[in-house]
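Below is my_file_9.txt, holding compact mmCIF, C-alpha atoms and all ligand atoms.
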```
# COMPACT_ATOMS: atom_id res chain seq x y z
CA MET D 10 -15.26 32.27 -6.41
CA ARG D 11 -12.91 29.73 -7.97
CA SER D 12 -14.05 27.91 -11.09
CA PHE D 13 -15.09 24.26 -11.00
CA GLU D 14 -11.92 23.33 -12.91
CA GLN D 15 -9.73 25.13 -10.36
CA ARG D 16 -11.48 23.44 -7.46
CA ILE D 17 -11.27 19.93 -8.91
CA GLU D 18 -7.58 20.52 -9.71
CA THR D 19 -6.93 21.48 -6.07
CA LEU D 20 -8.90 18.48 -4.79
CA GLY D 21 -7.09 16.10 -7.13
CA LEU D 22 -3.63 17.45 -6.29
CA ALA D 23 -4.31 17.04 -2.56
CA ALA D 24 -5.00 13.31 -3.05
CA ARG D 25 -1.66 12.56 -4.73
CA HIS D 26 -0.13 10.73 -1.75
CA GLU D 27 -3.08 8.35 -1.32
CA GLN D 28 -2.23 4.84 -2.51
CA ASP D 29 -4.62 2.30 -3.87
CA CYS D 30 -5.33 -0.60 -6.19
CA GLY D 31 -2.13 -2.53 -5.50
CA ALA D 32 -0.29 -0.22 -7.85
CA GLU D 33 3.33 -1.23 -8.39
CA ARG D 34 4.41 2.38 -8.66
CA GLY D 35 3.10 5.78 -7.77
CA ALA D 36 0.15 6.82 -9.88
CA GLU D 37 0.48 9.31 -12.70
CA ARG D 38 -1.70 12.36 -12.17
CA LEU D 39 -3.58 13.79 -15.12
CA ALA D 40 -5.83 16.83 -15.06
CA GLY D 41 -9.04 17.09 -13.05
CA GLY D 42 -8.20 14.54 -10.34
CA VAL D 43 -7.73 11.66 -12.80
CA TYR D 44 -4.93 9.25 -11.94
CA HIS D 45 -3.49 6.35 -13.92
CA SER D 46 -1.68 3.58 -12.16
CA VAL D 47 -0.58 0.07 -13.10
CA ALA D 48 -1.83 -2.80 -10.96
CA ALA D 49 -1.20 -6.47 -11.75
CA GLY D 50 0.02 -5.42 -15.19
CA ARG D 51 -3.19 -3.55 -16.00
CA ARG D 52 -3.69 0.19 -16.27
CA VAL D 53 -6.29 1.50 -13.83
CA SER D 54 -7.87 4.95 -14.10
CA LEU D 55 -9.43 6.54 -11.06
CA LEU D 56 -10.95 9.83 -10.10
CA LYS D 57 -8.88 10.28 -6.92
CA VAL D 58 -9.84 13.41 -5.06
CA LEU D 59 -10.58 14.96 -1.71
CA GLN D 60 -14.15 16.05 -1.16
CA SER D 61 -12.75 19.06 0.68
CA THR D 62 -9.32 20.47 1.48
CA HIS D 63 -10.67 22.44 4.43
CA CYS D 64 -9.12 20.92 7.54
CA SER D 65 -8.65 21.84 11.15
CA GLY D 66 -5.95 19.20 11.59
CA GLN D 67 -2.29 20.07 12.12
CA CYS D 68 -0.45 17.03 10.78
CA HIS D 69 3.06 18.34 10.17
CA TYR D 70 3.64 16.39 6.96
CA CYS D 71 0.38 17.49 5.33
CA ALA D 72 0.18 20.13 2.62
CA ILE D 73 -3.35 21.15 3.62
CA ARG D 74 -2.97 21.33 7.41
CA ALA D 75 -4.91 24.14 9.03
CA SER D 76 -2.01 26.52 9.58
CA ARG D 77 -0.97 26.57 5.91
CA ASP D 78 -2.03 29.47 3.76
CA VAL D 79 -3.14 27.49 0.70
CA ALA D 80 -6.05 27.73 -1.69
CA ARG D 81 -8.89 25.61 -0.27
CA ALA D 82 -11.61 23.90 -2.25
CA ALA D 83 -14.63 21.69 -1.74
CA LEU D 84 -17.37 20.16 -3.87
CA SER D 85 -20.87 19.29 -2.77
CA PRO D 86 -21.81 15.60 -2.97
CA ASP D 87 -23.94 16.30 -6.05
CA GLU D 88 -21.14 18.19 -7.81
CA MET D 89 -18.60 15.46 -7.06
CA ALA D 90 -20.91 12.64 -8.08
CA ARG D 91 -21.87 14.42 -11.32
CA HIS D 92 -18.20 15.02 -12.19
CA PHE D 93 -17.38 11.37 -11.59
CA LEU D 94 -20.35 10.09 -13.58
CA ASP D 95 -19.49 12.42 -16.50
CA LEU D 96 -15.91 11.09 -16.54
CA ARG D 97 -17.21 7.56 -16.27
CA ARG D 98 -19.63 7.99 -19.19
CA ALA D 99 -16.79 9.46 -21.27
CA GLY D 100 -14.69 6.37 -20.50
CA VAL D 101 -12.01 8.44 -18.74
CA VAL D 102 -12.15 6.68 -15.35
CA GLU D 103 -13.17 3.26 -14.04
CA GLY D 104 -13.53 4.03 -10.37
CA LEU D 105 -13.66 6.58 -7.59
CA PHE D 106 -11.30 7.17 -4.65
CA LEU D 107 -12.60 9.71 -2.17
CA SER D 108 -10.95 11.20 0.90
CA SER D 109 -11.33 14.52 2.69
CA GLY D 110 -9.87 17.06 5.06
CA ILE D 111 -11.63 17.22 8.41
CA HIS D 112 -13.15 20.57 9.27
CA GLY D 113 -15.02 20.20 12.54
CA ARG D 114 -16.58 16.85 13.40
CA PRO D 115 -15.13 13.88 11.47
CA ASP D 116 -18.66 12.55 10.85
CA ARG D 117 -19.58 15.75 9.02
CA ALA D 118 -16.79 15.27 6.48
CA MET D 119 -17.58 11.56 6.33
CA GLU D 120 -21.28 12.31 5.65
CA ARG D 121 -20.38 14.29 2.55
CA MET D 122 -18.22 11.50 1.15
CA ILE D 123 -20.93 8.97 1.91
CA ALA D 124 -23.55 11.20 0.26
CA THR D 125 -21.36 11.36 -2.87
CA ALA D 126 -21.03 7.58 -2.94
CA GLU D 127 -24.79 7.20 -2.46
CA VAL D 128 -25.53 9.41 -5.48
CA VAL D 129 -22.98 7.45 -7.52
CA ARG D 130 -24.49 4.10 -6.50
CA ARG D 131 -28.08 5.34 -7.06
CA SER D 132 -27.09 6.21 -10.62
CA GLY D 133 -26.51 2.48 -11.20
CA PHE D 134 -22.70 2.54 -11.01
CA ARG D 135 -21.55 -0.85 -9.70
CA GLY D 136 -17.83 -0.36 -10.26
CA TYR D 137 -14.95 0.39 -7.91
CA VAL D 138 -15.45 2.88 -5.07
CA HIS D 139 -12.83 3.44 -2.35
CA LEU D 140 -13.75 5.61 0.64
CA LYS D 141 -11.24 6.85 3.19
CA ILE D 142 -12.52 6.49 6.75
CA LEU D 143 -11.41 9.51 8.71
CA PRO D 144 -9.96 9.38 12.24
CA GLY D 145 -12.74 9.62 14.82
CA THR D 146 -15.53 8.44 12.49
CA SER D 147 -18.51 6.92 14.33
CA ASP D 148 -19.44 3.25 13.93
CA ALA D 149 -22.68 4.24 12.15
CA ALA D 150 -20.77 6.19 9.48
CA VAL D 151 -18.18 3.41 9.16
CA GLU D 152 -20.98 0.93 8.49
CA ARG D 153 -22.52 3.09 5.76
CA ALA D 154 -19.10 3.61 4.14
CA VAL D 155 -18.25 -0.10 4.16
CA THR D 156 -21.68 -0.93 2.74
CA LEU D 157 -21.28 1.47 -0.18
CA ALA D 158 -17.60 0.92 -1.00
CA ASP D 159 -15.56 -1.90 -2.48
CA ARG D 160 -12.65 -0.82 -0.36
CA VAL D 161 -12.18 1.44 2.63
CA SER D 162 -8.94 2.57 4.20
CA VAL D 163 -8.07 3.91 7.61
CA ASN D 164 -4.62 5.45 7.62
CA LEU D 165 -2.56 4.77 10.75
CA GLU D 166 0.19 7.09 9.39
CA ALA D 167 2.59 5.96 12.15
CA PRO D 168 3.28 2.60 13.78
CA THR D 169 3.36 3.80 17.40
CA ASP D 170 1.70 6.45 19.54
CA ALA D 171 5.03 8.19 20.05
CA ALA D 172 5.68 8.40 16.30
CA LEU D 173 2.11 9.58 15.65
CA ALA D 174 2.50 12.33 18.27
CA ARG D 175 5.53 13.62 16.35
CA LEU D 176 3.62 13.57 13.05
CA SER D 177 0.14 14.66 14.04
CA PRO D 178 -0.27 16.36 17.40
CA GLY D 179 -3.79 15.69 18.64
CA LYS D 180 -4.31 12.34 16.89
CA GLN D 181 -4.35 9.14 18.94
CA LEU D 182 -3.88 5.67 17.52
CA GLU D 183 -6.04 3.84 20.04
CA GLY D 184 -9.68 4.84 19.82
CA GLN D 185 -9.49 7.57 17.21
CA ILE D 186 -7.81 5.52 14.46
CA LEU D 187 -7.70 1.88 15.55
CA GLY D 188 -11.34 2.10 16.73
CA PRO D 189 -12.77 2.89 13.26
CA LEU D 190 -10.30 0.44 11.72
CA ARG D 191 -11.53 -2.40 13.94
CA SER D 192 -15.15 -1.47 13.18
CA ALA D 193 -14.46 -1.37 9.44
CA ALA D 194 -12.74 -4.77 9.50
CA ARG D 195 -15.55 -6.32 11.55
CA ILE D 196 -18.31 -4.90 9.33
CA ALA D 197 -16.45 -5.85 6.13
CA ARG D 198 -16.15 -9.42 7.41
CA GLN D 199 -19.85 -9.49 8.34
CA GLN D 200 -20.68 -8.32 4.82
CA GLY D 201 -18.41 -10.95 3.29
CA LYS D 202 -16.11 -8.38 1.69
CA ARG D 203 -12.65 -9.80 1.20
CA ALA D 204 -9.61 -7.53 0.94
CA ALA D 205 -11.82 -4.56 1.77
CA VAL D 206 -9.75 -2.68 4.35
CA THR D 207 -6.28 -1.22 3.87
CA THR D 208 -4.04 1.23 5.67
CA GLN D 209 -1.12 3.51 4.92
CA PHE D 210 1.95 4.73 6.79
CA VAL D 211 3.95 7.90 6.21
CA VAL D 212 7.56 6.70 6.22
CA GLY D 213 10.60 8.72 7.17
CA ALA D 214 9.22 11.71 9.07
CA ALA D 215 8.84 10.59 12.67
CA GLY D 216 12.02 8.60 13.29
CA GLU D 217 10.05 5.36 13.14
CA THR D 218 12.09 2.23 12.42
CA ASP D 219 11.37 -0.47 9.85
CA ALA D 220 11.03 -2.86 12.79
CA GLU D 221 8.20 -0.72 14.18
CA LEU D 222 6.49 -0.43 10.79
CA LEU D 223 6.71 -4.15 10.03
CA GLY D 224 5.77 -5.03 13.61
CA ARG D 225 2.61 -2.95 13.36
CA ALA D 226 1.85 -4.36 9.90
CA THR D 227 2.22 -7.91 11.23
CA ALA D 228 -0.10 -7.17 14.15
CA LEU D 229 -2.70 -5.75 11.73
CA TYR D 230 -2.47 -8.83 9.49
CA ASP D 231 -2.58 -11.21 12.47
CA GLU D 232 -5.71 -9.48 13.82
CA ARG D 233 -7.18 -9.61 10.29
CA LEU D 234 -7.78 -5.86 10.42
CA VAL D 235 -6.29 -5.05 7.02
CA SER D 236 -5.59 -6.91 3.82
CA ARG D 237 -2.73 -4.67 2.90
CA CYS D 238 -0.40 -1.95 4.20
CA TYR D 239 0.93 0.84 2.00
CA PHE D 240 4.14 2.73 2.71
CA SER D 241 4.13 6.32 1.54
CA PRO D 242 7.47 8.17 1.43
CA PHE D 243 7.61 11.39 3.41
CA ALA D 244 8.18 14.49 1.28
CA PRO D 245 8.86 17.62 3.31
CA PRO D 246 6.32 20.42 2.94
CA ALA D 247 7.48 23.88 1.93
CA ASP D 248 6.99 25.31 5.41
CA GLY D 249 6.23 24.38 8.99
CA PRO D 250 8.07 22.21 11.51
CA PHE D 251 8.98 19.55 8.91
CA ALA D 252 10.21 21.96 6.21
CA GLY D 253 13.81 21.28 5.27
CA MET D 254 13.75 17.69 6.53
CA THR D 255 15.24 15.02 4.29
CA PRO D 256 12.73 13.22 2.04
CA ALA D 257 12.42 9.49 2.65
CA PRO D 258 14.56 7.55 0.12
CA ARG D 259 12.46 5.63 -2.37
CA LEU D 260 14.64 2.57 -1.81
CA ARG D 261 13.36 2.37 1.78
CA MET D 262 9.81 1.82 0.44
CA VAL D 263 11.13 -0.86 -1.92
CA ARG D 264 12.69 -2.78 0.98
CA LEU D 265 9.60 -2.35 3.16
CA TYR D 266 7.32 -3.71 0.43
CA GLN D 267 9.70 -6.62 -0.15
CA ALA D 268 9.67 -7.45 3.57
CA ASP D 269 5.88 -7.02 3.67
CA TRP D 270 5.58 -9.57 0.84
CA LEU D 271 7.83 -12.00 2.70
CA LEU D 272 5.42 -11.75 5.63
CA ARG D 273 2.26 -12.10 3.56
CA TYR D 274 3.18 -14.53 0.79
CA TYR D 275 6.49 -16.23 1.53
CA GLY D 276 5.86 -17.73 4.95
CA PHE D 277 8.35 -15.56 6.83
CA SER D 278 7.64 -14.56 10.41
CA LEU D 279 8.49 -11.11 11.72
CA ARG D 280 11.43 -12.57 13.70
CA GLU D 281 12.94 -13.90 10.45
CA ILE D 282 12.96 -10.53 8.69
CA PRO D 283 16.62 -9.42 8.78
CA LEU D 284 16.80 -6.08 10.55
CA GLY D 285 19.99 -4.26 11.53
CA PRO D 286 20.76 -3.14 15.07
CA ALA D 287 18.98 0.17 14.45
CA GLY D 288 15.84 -1.71 13.43
CA LEU D 289 16.29 -0.90 9.73
CA LEU D 290 16.34 -3.13 6.65
CA ASP D 291 19.51 -3.35 4.59
CA GLN D 292 19.04 -0.79 1.82
CA TYR D 293 21.55 -2.44 -0.50
CA SER D 294 20.06 -5.94 -0.74
CA ASP D 295 16.56 -7.28 -0.73
CA PRO D 296 15.57 -8.85 2.61
CA LYS D 297 15.25 -12.40 1.26
CA THR D 298 18.80 -12.34 -0.09
CA VAL D 299 20.04 -10.94 3.24
CA TRP D 300 18.21 -13.76 5.05
CA ALA D 301 19.65 -16.39 2.67
CA ARG D 302 23.21 -15.09 3.15
CA GLY D 303 22.71 -15.31 6.91
CA HIS D 304 21.45 -18.93 6.72
CA PRO D 305 24.01 -20.83 4.62
CA ALA D 306 23.01 -24.10 6.30
CA GLU D 307 19.59 -23.88 4.57
CA PHE D 308 21.21 -24.08 1.12
CA PRO D 309 21.58 -25.46 -1.45
CA VAL D 310 18.01 -26.61 -1.98
CA GLU D 311 17.39 -29.49 -4.38
CA VAL D 312 15.08 -28.02 -6.98
CA ASN D 313 13.58 -31.40 -7.94
CA ARG D 314 12.59 -32.38 -4.38
CA ALA D 315 12.14 -29.21 -2.33
CA ALA D 316 8.73 -28.41 -0.90
CA ARG D 317 7.08 -25.24 -2.14
CA ALA D 318 7.84 -23.53 1.19
CA GLU D 319 11.57 -24.30 0.76
CA LEU D 320 11.57 -23.00 -2.81
CA LEU D 321 10.00 -19.77 -1.56
CA ARG D 322 13.07 -19.20 0.63
CA VAL D 323 15.33 -19.16 -2.46
CA PRO D 324 16.19 -15.67 -3.73
CA GLY D 325 14.74 -15.19 -7.19
CA ILE D 326 11.84 -17.62 -6.70
CA GLY D 327 8.46 -16.11 -5.93
CA PRO D 328 5.09 -17.80 -5.33
CA ALA D 329 4.24 -18.06 -9.03
CA GLY D 330 7.72 -19.38 -9.87
CA ALA D 331 7.56 -21.94 -7.05
CA ASP D 332 4.16 -23.12 -8.34
CA ARG D 333 5.51 -23.47 -11.87
CA ILE D 334 8.50 -25.49 -10.65
CA VAL D 335 6.26 -27.83 -8.63
CA ARG D 336 3.95 -28.33 -11.65
CA ALA D 337 6.82 -28.84 -14.10
CA ARG D 338 8.45 -31.48 -11.87
CA ARG D 339 5.42 -33.75 -12.27
CA SER D 340 6.31 -34.41 -15.89
CA ALA D 341 10.04 -33.70 -16.21
CA ARG D 342 13.23 -33.08 -14.24
CA VAL D 343 14.50 -29.55 -13.79
CA ARG D 344 18.06 -30.16 -14.97
CA SER D 345 19.69 -26.77 -15.34
CA PRO D 346 19.36 -23.05 -14.68
CA GLY D 347 18.13 -22.79 -18.27
CA ASP D 348 15.11 -24.95 -17.35
CA LEU D 349 14.35 -22.50 -14.57
CA GLY D 350 14.57 -19.63 -17.01
CA SER D 351 12.00 -21.28 -19.26
CA LEU D 352 9.69 -21.45 -16.22
CA GLY D 353 9.92 -17.68 -15.82
CA VAL D 354 12.18 -17.86 -12.74
CA ARG D 355 15.10 -15.44 -12.35
CA TRP D 356 17.60 -18.22 -12.75
CA ARG D 357 20.72 -16.09 -12.44
CA VAL D 358 19.61 -15.11 -8.94
CA ALA D 359 18.23 -18.50 -7.91
CA ALA D 360 20.78 -20.95 -9.36
CA PRO D 361 23.58 -20.40 -6.80
CA TYR D 362 21.16 -21.49 -4.04
CA LEU D 363 20.02 -24.68 -5.79
CA THR D 364 21.14 -28.12 -6.87
CA PHE D 365 19.74 -29.76 -10.00
CA ASP D 366 19.60 -33.53 -9.35
CA GLY D 367 22.60 -32.98 -7.09
CA ARG D 368 24.56 -30.78 -9.52
CA ARG D 369 25.50 -27.23 -8.67
CA PHE D 370 25.96 -24.50 -11.21
CA ARG D 371 28.29 -22.23 -9.30
CA SER D 372 29.46 -20.60 -12.50
CA SER D 373 26.08 -18.90 -12.86
CA VAL D 374 26.54 -15.19 -12.58
CA ALA D 375 24.57 -14.38 -9.46
CA GLN D 376 23.13 -10.94 -9.92
CA PRO D 377 21.59 -8.87 -7.18
CA GLU D 378 17.81 -8.81 -7.20
CA LEU D 379 16.70 -5.67 -8.91
CA PRO D 380 14.54 -3.48 -6.75
CA GLY D 381 11.00 -2.88 -7.84
CA ILE D 382 8.56 -0.91 -5.76
CA GLU D 383 6.40 -4.01 -5.50
CA PRO D 384 8.05 -7.39 -5.81
CA ARG D 385 5.93 -9.45 -8.18
CA ALA D 386 4.52 -12.76 -7.10
CA GLY D 387 5.56 -14.18 -10.45
CA SER D 388 9.26 -13.48 -10.12
S1 LIG D 401 -6.33 15.47 9.28
FE1 LIG D 401 -5.77 14.73 7.25
S2 LIG D 401 -6.12 16.46 5.86
FE2 LIG D 401 -6.08 17.28 7.94
S3 LIG D 401 -3.98 17.95 8.31
FE3 LIG D 401 -4.11 15.82 9.04
S4 LIG D 401 -3.52 14.55 7.28
FE4 LIG D 401 -3.98 16.62 6.50
```
Would you kindly transcribe this structure into structure tokens?
Ligand code: SF4
Amino acid sequence: MRSFEQRIETLGLAARHEQDCGAERGAERLAGGVYHSVAAGRRVSLLKVLQSTHCSGQCHYCAIRASRDVARAALSPDEMARHFLDLRRAGVVEGLFLSSGIHGRPDRAMERMIATAEVVRRSGFRGYVHLKILPGTSDAAVERAVTLADRVSVNLEAPTDAALARLSPGKQLEGQILGPLRSAARIARQQGKRAAVTTQFVVGAAGETDAELLGRATALYDERLVSRCYFSPFAPPADGPFAGMTPAPRLRMVRLYQADWLLRYYGFSLREIPLGPAGLLDQYSDPKTVWARGHPAEFPVEVNRAARAELLRVPGIGPAGADRIVRARRSARVRSPGDLGSLGVRWRVAAPYLTFDGRRFRSSVAQPELPGIEPRAGS
């Protein structure tokens, strides 16, 4: 029998690819399933674990798929809830993220996660709880999970059926995954929970293109099924059909998140996202700069007159920067790149695309936008 510490270590390690909380970068894993990440400039501590690593699934990218000879672990709902509440009382974590392998019926695994969340809520904990909704979960279990949690996620993993078949033989997008996702979104809306449902894709294992990923993301946003898509880079497992494959480059996630932000916050449509002939984003430049270079007729933009939507098309100006420019213009002219800098805008990037009361500052050293895993709204 493995000790409690060994089991919780196994359960925490297995959750390392799950993404949450709008974190700008991958979370740092500490001992015992505790993860630190940074979201909106604030450090967030979560107990992020699987309830069980027993699984009858055969997803090729997964370290705990059924055919792998790995140490398995599980905690009962009471054990998991007690561990979380102890960590919470000690001030080690602020919230709980719970997922699970699926051994047998999905509802059985779901029941154990739900039972954990119920114990946690009964204890009086009103803080953050995120429950993963497993493929094939019934509507009744989805409803209980949404009711208990602040956030639920249903991972599509792949943007198309064909890509999913390459990743996870036996899983189907329609019904098994999109069914629970639609139920979760509907129930979350009925309960008035905003930003409650998210999803995640594994990127780089199934030959999926960025066009397919962004197309699926757009469809999910348009249908109001998710508030957010996460892109998780494929890392090849040590054995199995995907062993020896090339890991997904981190820069691909950077470009996908940048394009995702253009779709969600910058007013770009999917057709405007610049994709190469192979359906991939340019890895060397951020997608807004690529779009701007391809649309010289749209520039320069007069910084003292442009509408917010036009400012958002300028490389280096994000939603927060555009808002600051619009506010500042009410009381003073924006006369130079230096004025932009004092508004927190990346003026070296933006200035070549702007005029300042008709003047251009071509001598500004235009620097490429630096990649960050999550472009900040305030840039
Ligand atoms: S169902 Fe989930 S836990 Fe099981 S092999 Fe697939 S990804 Fe891994």
Exercise for review: Could you tell me, counting all atoms listed in the file, which protein and nucleic acid residues lie no more than 7 Å from ligand LIG 401 (chain D), written as a list in words?
Suggested key: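 The distance check yields Thr62, Cys64, Ser65, Gly66, Gln67, Cys68, Cys71, Ala72, Ile73, Arg74, Ala75, Ser109, Gly110, Ile111 and Ser177 of chain D.
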Check your understanding: Can you list, as a ChimeraX atom specification, every protein, DNA or RNA residue that comes within 9 Å of Ala359 of chain D when you count all atoms listed in the file, leaving out same-chain residues fewer than 4 positions away?
Key -> /D:323-326,346,349,354-355,363,375
Exercise for review: Have a look at D:Glu221, D:Asp366, D:Asp291, D:Glu281 and name the one nearest to Pro309 of chain D; count only C-alpha atoms.
Suggested key: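 Nearest candidate to Pro309 of chain D out of D:Glu221, D:Asp366, D:Asp291, D:Glu281: D:Asp366.
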Give one line per residue of segment 143-210 of chain D that approaches segment 228-248 of chain D to at most 6 Å, naming the two atoms of the closest pair and their distance in Å to one decimal, counting all atoms listed in the file; sort by chain then ascending residue number and deliver it as a Markdown table.
```
| residue | atom | partner | partner_atom | distance |
| --- | --- | --- | --- | --- |
| D:Ala194 | CA | D:Leu234 | CA | 5.2 |
| D:Ala204 | CA | D:Ser236 | CA | 5.0 |
| D:Val206 | CA | D:Val235 | CA | 5.0 |
| D:Thr207 | CA | D:Val235 | CA | 5.0 |
| D:Thr208 | CA | D:Cys238 | CA | 5.1 |
| D:Gln209 | CA | D:Tyr239 | CA | 4.5 |
| D:Phe210 | CA | D:Phe240 | CA | 5.0 |
```
For segment 72-83 of chain D, I'd like the enclosing box, axis-aligned and padded by 8 Å on every side, reported as AutoDock Vina command-line options with centre and edge lengths in Å to one decimal.
```
--center_x -7.2 --center_y 24.8 --center_z 3.7 --size_x 30.8 --size_y 25.3 --size_z 27.8
```
Study note, to complete from the structure: One residue among D:Glu217, D:Arg52, D:Gly188, D:Leu140 is nearest to Ala124 of chain D when using all atoms listed in the file, and that residue is D:Leu140
Exercise for review: May I have the protein, DNA and RNA residues with any atom at most 9 Å from the point (8.6, -17.3, -3.4), counting all atoms listed in the file, written as a list in words?
Suggested key: Leu271, Tyr274, Tyr275, Gly276, Arg317, Ala318, Glu319, Leu320, Leu321, Arg322, Val323, Pro324, Gly325, Ile326, Gly327, Pro328, Ala329, Gly330, Ala331, Asp332, Ala386, Gly387 and Ser388 of chain D
Exercise for review: Would you mind reading off the distance between atom CA of Thr364 of chain D and atom CA of Ser294 of chain D, one decimal, in Å?
Suggested key: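 Value for the atom CA of Thr364 of chain D-atom CA of Ser294 of chain D distance: 23.0 Å.
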Check your understanding: For the atom pair atom CA of Arg314 of chain D and atom CA of Arg357 of chain D, what is the interatomic distance in Å to one decimal place?
Key ->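 Interatomic distance here is 19.9 Å.
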